[in-house]
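Visitor: Encoded as structure tokens, here's the structure I'll be asking about.
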Amino acid sequence: MANKIAVYHPDAKDGFSTGAYTPGIICNGWLYIAGQTPSDVSKGEFLLGSIEQETRQVMHNLGRILDAAGCTFDDVVKTTVHLADIADFAAYNAIYATYFPGIKPVRTTVQSVLNRGIKIEIDAVAKLP
């Protein structure tokens, strides 16, 4: 059995979850981060807005989990991005790119049916430093 360590968003309100999952897991030197949404986890609510606003909130949530695991955006090697509307690609991409000034992670971006009216969800894989 793999040696797994759970990683949580440090600001998460007790019980704020939309499913049976762990926000992050460290296993064998890698951090796997579940899909992050534009949520304020301290209040337990979704922050719906423009694609730019939602992208910034999603990246904030990813960053908090990365930090909790001792990583930064520089350690991210793979992301998967789900957009409710692929027409939002250019707007989200402009915000997303600012978080990766060096070598950008490999990425898959797809249009998906997303829950609760959100426009974007992103998961990530990072190598622990």
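Following the order of the structure tokens, first chain is A, next is B, and so on, with residues numbered from 1 inside each chain and ligands from 1 in the order they appear.
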Could you name the residues that touch stretch 66-83 of chain A at 7 Å or less, counting only C-alpha atoms, but leaving out those on the same chain fewer than 4 positions away, as a PDB file with all heavy atoms, in the first residue's frame?

Guide:
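In the end it all went to around20.pdb:
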```
ATOM      1  N   VAL A   7      -3.383  16.412   2.513  1.00  0.00           N
ATOM      2  CA  VAL A   7      -3.083  17.844   2.568  1.00  0.00           C
ATOM      3  C   VAL A   7      -4.405  18.587   2.387  1.00  0.00           C
ATOM      4  O   VAL A   7      -5.157  18.299   1.458  1.00  0.00           O
ATOM      5  CB  VAL A   7      -2.091  18.264   1.462  1.00  0.00           C
ATOM      6  CG1 VAL A   7      -1.803  19.758   1.538  1.00  0.00           C
ATOM      7  CG2 VAL A   7      -0.805  17.463   1.550  1.00  0.00           C
ATOM      8  N   PRO A  10      -5.516  25.266   4.081  1.00  0.00           N
ATOM      9  CA  PRO A  10      -5.394  25.725   5.464  1.00  0.00           C
ATOM     10  C   PRO A  10      -6.535  26.615   5.945  1.00  0.00           C
ATOM     11  O   PRO A  10      -6.736  26.760   7.153  1.00  0.00           O
ATOM     12  CB  PRO A  10      -4.059  26.479   5.479  1.00  0.00           C
ATOM     13  CG  PRO A  10      -3.765  26.794   4.066  1.00  0.00           C
ATOM     14  CD  PRO A  10      -4.437  25.738   3.235  1.00  0.00           C
ATOM     15  N   LEU A  62      -5.482  26.671  -5.337  1.00  0.00           N
ATOM     16  CA  LEU A  62      -4.372  25.765  -5.675  1.00  0.00           C
ATOM     17  C   LEU A  62      -3.103  26.184  -4.929  1.00  0.00           C
ATOM     18  O   LEU A  62      -2.398  25.350  -4.360  1.00  0.00           O
ATOM     19  CB  LEU A  62      -4.103  25.762  -7.178  1.00  0.00           C
ATOM     20  CG  LEU A  62      -5.041  24.966  -8.060  1.00  0.00           C
ATOM     21  CD1 LEU A  62      -4.769  25.267  -9.525  1.00  0.00           C
ATOM     22  CD2 LEU A  62      -4.918  23.480  -7.790  1.00  0.00           C
ATOM     23  N   TYR A  99       0.708  32.809 -13.306  1.00  0.00           N
ATOM     24  CA  TYR A  99       1.111  32.013 -12.140  1.00  0.00           C
ATOM     25  C   TYR A  99       2.313  31.109 -12.446  1.00  0.00           C
ATOM     26  O   TYR A  99       2.868  30.511 -11.527  1.00  0.00           O
ATOM     27  CB  TYR A  99      -0.068  31.170 -11.645  1.00  0.00           C
ATOM     28  CG  TYR A  99      -1.124  32.008 -10.974  1.00  0.00           C
ATOM     29  CD1 TYR A  99      -2.084  32.678 -11.724  1.00  0.00           C
ATOM     30  CD2 TYR A  99      -1.144  32.159  -9.589  1.00  0.00           C
ATOM     31  CE1 TYR A  99      -3.042  33.469 -11.115  1.00  0.00           C
ATOM     32  CE2 TYR A  99      -2.100  32.950  -8.971  1.00  0.00           C
ATOM     33  CZ  TYR A  99      -3.041  33.602  -9.747  1.00  0.00           C
ATOM     34  OH  TYR A  99      -3.991  34.383  -9.138  1.00  0.00           O
ATOM     35  N   PHE A 100       2.677  31.017 -13.713  1.00  0.00           N
ATOM     36  CA  PHE A 100       3.770  30.136 -14.129  1.00  0.00           C
ATOM     37  C   PHE A 100       4.756  30.922 -15.001  1.00  0.00           C
ATOM     38  O   PHE A 100       4.789  30.751 -16.219  1.00  0.00           O
ATOM     39  CB  PHE A 100       3.221  28.933 -14.907  1.00  0.00           C
ATOM     40  CG  PHE A 100       2.232  28.114 -14.135  1.00  0.00           C
ATOM     41  CD1 PHE A 100       0.875  28.203 -14.402  1.00  0.00           C
ATOM     42  CD2 PHE A 100       2.657  27.249 -13.137  1.00  0.00           C
ATOM     43  CE1 PHE A 100      -0.042  27.440 -13.687  1.00  0.00           C
ATOM     44  CE2 PHE A 100       1.751  26.486 -12.419  1.00  0.00           C
ATOM     45  CZ  PHE A 100       0.395  26.582 -12.701  1.00  0.00           C
ATOM     46  N   PRO A 105       3.614  24.187 -16.766  1.00  0.00           N
ATOM     47  CA  PRO A 105       3.297  22.760 -16.656  1.00  0.00           C
ATOM     48  C   PRO A 105       2.602  22.261 -17.928  1.00  0.00           C
ATOM     49  O   PRO A 105       2.007  23.060 -18.664  1.00  0.00           O
ATOM     50  CB  PRO A 105       2.343  22.685 -15.461  1.00  0.00           C
ATOM     51  CG  PRO A 105       1.879  24.062 -15.199  1.00  0.00           C
ATOM     52  CD  PRO A 105       2.833  25.008 -15.837  1.00  0.00           C
ATOM     53  N   VAL A 106       2.697  20.968 -18.168  1.00  0.00           N
ATOM     54  CA  VAL A 106       1.883  20.406 -19.243  1.00  0.00           C
ATOM     55  C   VAL A 106       0.430  20.561 -18.808  1.00  0.00           C
ATOM     56  O   VAL A 106       0.126  20.628 -17.611  1.00  0.00           O
ATOM     57  CB  VAL A 106       2.234  18.929 -19.552  1.00  0.00           C
ATOM     58  CG1 VAL A 106       3.658  18.822 -20.055  1.00  0.00           C
ATOM     59  CG2 VAL A 106       2.026  18.034 -18.357  1.00  0.00           C
ATOM     60  N   ARG A 107      -0.471  20.649 -19.791  1.00  0.00           N
ATOM     61  CA  ARG A 107      -1.847  20.977 -19.444  1.00  0.00           C
ATOM     62  C   ARG A 107      -2.806  20.377 -20.455  1.00  0.00           C
ATOM     63  O   ARG A 107      -2.514  20.302 -21.642  1.00  0.00           O
ATOM     64  CB  ARG A 107      -2.006  22.501 -19.436  1.00  0.00           C
ATOM     65  CG  ARG A 107      -3.416  22.972 -19.182  1.00  0.00           C
ATOM     66  CD  ARG A 107      -3.515  24.478 -19.210  1.00  0.00           C
ATOM     67  NE  ARG A 107      -3.393  25.001 -20.566  1.00  0.00           N
ATOM     68  CZ  ARG A 107      -3.272  26.282 -20.854  1.00  0.00           C
ATOM     69  NH1 ARG A 107      -3.250  27.183 -19.908  1.00  0.00           N
ATOM     70  NH2 ARG A 107      -3.168  26.675 -22.101  1.00  0.00           N
ATOM     71  N   THR A 108      -3.950  19.978 -19.946  1.00  0.00           N
ATOM     72  CA  THR A 108      -5.082  19.598 -20.776  1.00  0.00           C
ATOM     73  C   THR A 108      -6.216  20.543 -20.413  1.00  0.00           C
ATOM     74  O   THR A 108      -6.485  20.755 -19.233  1.00  0.00           O
ATOM     75  CB  THR A 108      -5.513  18.146 -20.485  1.00  0.00           C
ATOM     76  OG1 THR A 108      -4.408  17.286 -20.752  1.00  0.00           O
ATOM     77  CG2 THR A 108      -6.702  17.744 -21.336  1.00  0.00           C
ATOM     78  N   THR A 109      -6.859  21.129 -21.407  1.00  0.00           N
ATOM     79  CA  THR A 109      -8.010  22.001 -21.169  1.00  0.00           C
ATOM     80  C   THR A 109      -9.187  21.462 -21.960  1.00  0.00           C
ATOM     81  O   THR A 109      -9.061  21.236 -23.164  1.00  0.00           O
ATOM     82  CB  THR A 109      -7.714  23.453 -21.597  1.00  0.00           C
ATOM     83  OG1 THR A 109      -6.551  23.914 -20.918  1.00  0.00           O
ATOM     84  CG2 THR A 109      -8.888  24.369 -21.292  1.00  0.00           C
ATOM     85  N   VAL A 110     -10.304  21.255 -21.277  1.00  0.00           N
ATOM     86  CA  VAL A 110     -11.496  20.709 -21.920  1.00  0.00           C
ATOM     87  C   VAL A 110     -12.727  21.500 -21.500  1.00  0.00           C
ATOM     88  O   VAL A 110     -12.740  22.149 -20.459  1.00  0.00           O
ATOM     89  CB  VAL A 110     -11.706  19.214 -21.567  1.00  0.00           C
ATOM     90  CG1 VAL A 110     -10.559  18.364 -22.091  1.00  0.00           C
ATOM     91  CG2 VAL A 110     -11.857  19.021 -20.071  1.00  0.00           C
ATOM     92  N   GLN A 111     -13.755  21.427 -22.339  1.00  0.00           N
ATOM     93  CA  GLN A 111     -15.050  21.979 -21.959  1.00  0.00           C
ATOM     94  C   GLN A 111     -15.804  20.888 -21.225  1.00  0.00           C
ATOM     95  O   GLN A 111     -15.850  19.745 -21.682  1.00  0.00           O
ATOM     96  CB  GLN A 111     -15.828  22.438 -23.186  1.00  0.00           C
ATOM     97  CG  GLN A 111     -17.182  23.032 -22.831  1.00  0.00           C
ATOM     98  CD  GLN A 111     -17.826  23.729 -24.009  1.00  0.00           C
ATOM     99  OE1 GLN A 111     -17.206  24.562 -24.650  1.00  0.00           O
ATOM    100  NE2 GLN A 111     -19.076  23.381 -24.278  1.00  0.00           N
ATOM    101  N   SER A 112     -16.383  21.242 -20.074  1.00  0.00           N
ATOM    102  CA  SER A 112     -17.080  20.272 -19.230  1.00  0.00           C
ATOM    103  C   SER A 112     -18.356  20.885 -18.663  1.00  0.00           C
ATOM    104  O   SER A 112     -18.457  22.096 -18.521  1.00  0.00           O
ATOM    105  CB  SER A 112     -16.192  19.858 -18.044  1.00  0.00           C
ATOM    106  OG  SER A 112     -14.999  19.259 -18.479  1.00  0.00           O
ATOM    107  N   LYS A 119     -17.562  28.341 -13.566  1.00  0.00           N
ATOM    108  CA  LYS A 119     -17.034  28.442 -14.923  1.00  0.00           C
ATOM    109  C   LYS A 119     -15.742  27.661 -15.129  1.00  0.00           C
ATOM    110  O   LYS A 119     -15.366  27.378 -16.262  1.00  0.00           O
ATOM    111  CB  LYS A 119     -16.790  29.914 -15.269  1.00  0.00           C
ATOM    112  CG  LYS A 119     -18.048  30.751 -15.371  1.00  0.00           C
ATOM    113  CD  LYS A 119     -17.697  32.210 -15.640  1.00  0.00           C
ATOM    114  CE  LYS A 119     -18.932  33.055 -15.826  1.00  0.00           C
ATOM    115  NZ  LYS A 119     -19.801  33.111 -14.657  1.00  0.00           N
ATOM    116  N   ILE A 120     -15.026  27.332 -14.028  1.00  0.00           N
ATOM    117  CA  ILE A 120     -13.699  26.723 -14.164  1.00  0.00           C
ATOM    118  C   ILE A 120     -13.379  25.841 -12.958  1.00  0.00           C
ATOM    119  O   ILE A 120     -13.766  26.138 -11.824  1.00  0.00           O
ATOM    120  CB  ILE A 120     -12.609  27.810 -14.336  1.00  0.00           C
ATOM    121  CG1 ILE A 120     -11.240  27.201 -14.626  1.00  0.00           C
ATOM    122  CG2 ILE A 120     -12.598  28.774 -13.168  1.00  0.00           C
ATOM    123  CD1 ILE A 120     -10.200  28.209 -15.099  1.00  0.00           C
ATOM    124  N   GLU A 121     -12.661  24.763 -13.225  1.00  0.00           N
ATOM    125  CA  GLU A 121     -12.129  23.886 -12.183  1.00  0.00           C
ATOM    126  C   GLU A 121     -10.765  23.410 -12.669  1.00  0.00           C
ATOM    127  O   GLU A 121     -10.600  23.070 -13.841  1.00  0.00           O
ATOM    128  CB  GLU A 121     -13.056  22.699 -11.951  1.00  0.00           C
ATOM    129  CG  GLU A 121     -12.577  21.757 -10.872  1.00  0.00           C
ATOM    130  CD  GLU A 121     -13.593  20.671 -10.529  1.00  0.00           C
ATOM    131  OE1 GLU A 121     -14.762  20.773 -10.924  1.00  0.00           O
ATOM    132  OE2 GLU A 121     -13.181  19.704  -9.859  1.00  0.00           O
ATOM    133  N   ILE A 122      -9.794  23.392 -11.779  1.00  0.00           N
ATOM    134  CA  ILE A 122      -8.428  22.990 -12.145  1.00  0.00           C
ATOM    135  C   ILE A 122      -7.880  22.015 -11.114  1.00  0.00           C
ATOM    136  O   ILE A 122      -7.963  22.264  -9.908  1.00  0.00           O
ATOM    137  CB  ILE A 122      -7.471  24.198 -12.234  1.00  0.00           C
ATOM    138  CG1 ILE A 122      -7.974  25.233 -13.243  1.00  0.00           C
ATOM    139  CG2 ILE A 122      -6.052  23.742 -12.610  1.00  0.00           C
ATOM    140  CD1 ILE A 122      -7.143  26.511 -13.308  1.00  0.00           C
ATOM    141  N   ASP A 123      -7.294  20.904 -11.590  1.00  0.00           N
ATOM    142  CA  ASP A 123      -6.542  20.015 -10.707  1.00  0.00           C
ATOM    143  C   ASP A 123      -5.074  20.078 -11.116  1.00  0.00           C
ATOM    144  O   ASP A 123      -4.745  20.604 -12.189  1.00  0.00           O
ATOM    145  CB  ASP A 123      -7.085  18.587 -10.717  1.00  0.00           C
ATOM    146  CG  ASP A 123      -6.943  17.869 -12.042  1.00  0.00           C
ATOM    147  OD1 ASP A 123      -5.833  17.838 -12.614  1.00  0.00           O
ATOM    148  OD2 ASP A 123      -7.948  17.320 -12.523  1.00  0.00           O
ATOM    149  N   ALA A 124      -4.199  19.595 -10.234  1.00  0.00           N
ATOM    150  CA  ALA A 124      -2.758  19.735 -10.503  1.00  0.00           C
ATOM    151  C   ALA A 124      -1.968  18.588  -9.891  1.00  0.00           C
ATOM    152  O   ALA A 124      -2.402  17.957  -8.928  1.00  0.00           O
ATOM    153  CB  ALA A 124      -2.255  21.059  -9.933  1.00  0.00           C
ATOM    154  N   VAL A 125      -0.781  18.386 -10.458  1.00  0.00           N
ATOM    155  CA  VAL A 125       0.196  17.458  -9.916  1.00  0.00           C
ATOM    156  C   VAL A 125       1.507  18.227  -9.784  1.00  0.00           C
ATOM    157  O   VAL A 125       1.927  18.930 -10.717  1.00  0.00           O
ATOM    158  CB  VAL A 125       0.413  16.233 -10.852  1.00  0.00           C
ATOM    159  CG1 VAL A 125       1.493  15.317 -10.289  1.00  0.00           C
ATOM    160  CG2 VAL A 125      -0.890  15.485 -11.077  1.00  0.00           C
ATOM    161  N   ALA A 126       2.129  18.120  -8.611  1.00  0.00           N
ATOM    162  CA  ALA A 126       3.394  18.818  -8.361  1.00  0.00           C
ATOM    163  C   ALA A 126       4.412  17.848  -7.776  1.00  0.00           C
ATOM    164  O   ALA A 126       4.070  16.910  -7.080  1.00  0.00           O
ATOM    165  CB  ALA A 126       3.173  19.972  -7.387  1.00  0.00           C
ATOM    166  N   LYS A 127       5.687  18.088  -8.070  1.00  0.00           N
ATOM    167  CA  LYS A 127       6.785  17.319  -7.506  1.00  0.00           C
ATOM    168  C   LYS A 127       7.270  18.048  -6.262  1.00  0.00           C
ATOM    169  O   LYS A 127       7.573  19.245  -6.319  1.00  0.00           O
ATOM    170  CB  LYS A 127       7.927  17.204  -8.530  1.00  0.00           C
ATOM    171  CG  LYS A 127       9.115  16.419  -8.036  1.00  0.00           C
ATOM    172  CD  LYS A 127       8.802  14.958  -7.918  1.00  0.00           C
ATOM    173  CE  LYS A 127      10.060  14.165  -7.628  1.00  0.00           C
ATOM    174  NZ  LYS A 127       9.924  13.248  -6.516  1.00  0.00           N
ATOM    175  N   LEU A 128       7.303  17.341  -5.136  1.00  0.00           N
ATOM    176  CA  LEU A 128       7.782  17.983  -3.917  1.00  0.00           C
ATOM    177  C   LEU A 128       9.253  18.357  -4.078  1.00  0.00           C
ATOM    178  O   LEU A 128      10.040  17.589  -4.648  1.00  0.00           O
ATOM    179  CB  LEU A 128       7.619  17.058  -2.709  1.00  0.00           C
ATOM    180  CG  LEU A 128       6.271  17.177  -1.997  1.00  0.00           C
ATOM    181  CD1 LEU A 128       5.163  16.612  -2.848  1.00  0.00           C
ATOM    182  CD2 LEU A 128       6.314  16.524  -0.664  1.00  0.00           C
ATOM    183  N   PRO A 129       9.624  19.553  -3.567  1.00  0.00           N
ATOM    184  CA  PRO A 129      11.038  19.987  -3.705  1.00  0.00           C
ATOM    185  C   PRO A 129      11.969  19.132  -2.845  1.00  0.00           C
ATOM    186  O   PRO A 129      11.559  18.486  -1.931  1.00  0.00           O
ATOM    187  CB  PRO A 129      11.017  21.438  -3.217  1.00  0.00           C
ATOM    188  CG  PRO A 129       9.718  21.659  -2.560  1.00  0.00           C
ATOM    189  CD  PRO A 129       8.803  20.543  -2.919  1.00  0.00           C
TER     190      PRO A 129
END
```

Visitor: Quick one: DSSP helix (DSSP H, G or I) residues in chain A, as a VMD selection string?

Guide: chain A and resid 51 to 68 73 to 75 86 to 97 115 to 117

Visitor: Expressed in Å to a single decimal, how great is the separation between atom CA of A:Glu54 and atom CA of A:Pro38?

Guide: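 Answer for the atom CA of A:Glu54 to atom CA of A:Pro38 separation: 5.0 Å.
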
Visitor: Which neighbours of stretch 40-47 of chain A fall inside 12 Å, counting only C-alpha atoms, when residues of the same chain fewer than 5 positions from it are skipped, and could you give them as an NGL selection string?

Guide: :A and (8-18 or 23 or 52-62 or 64-65 or 115-121)

Visitor: Please, which residues of stretch 22-123 of chain A, numbered as in this document, come out strand (DSSP E) from DSSP, as a PyMOL selection string?

Guide: chain A and resi 24-27+30-36+39-40+45-46+76-83+106-111+120-123

Visitor: Report, in Å to a single decimal, how far apart atom CA of A:Ile95 and atom CA of A:Thr37 are.

Guide: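 Result for atom CA of A:Thr37 versus atom CA of A:Ile95: 15.0 Å, one decimal.
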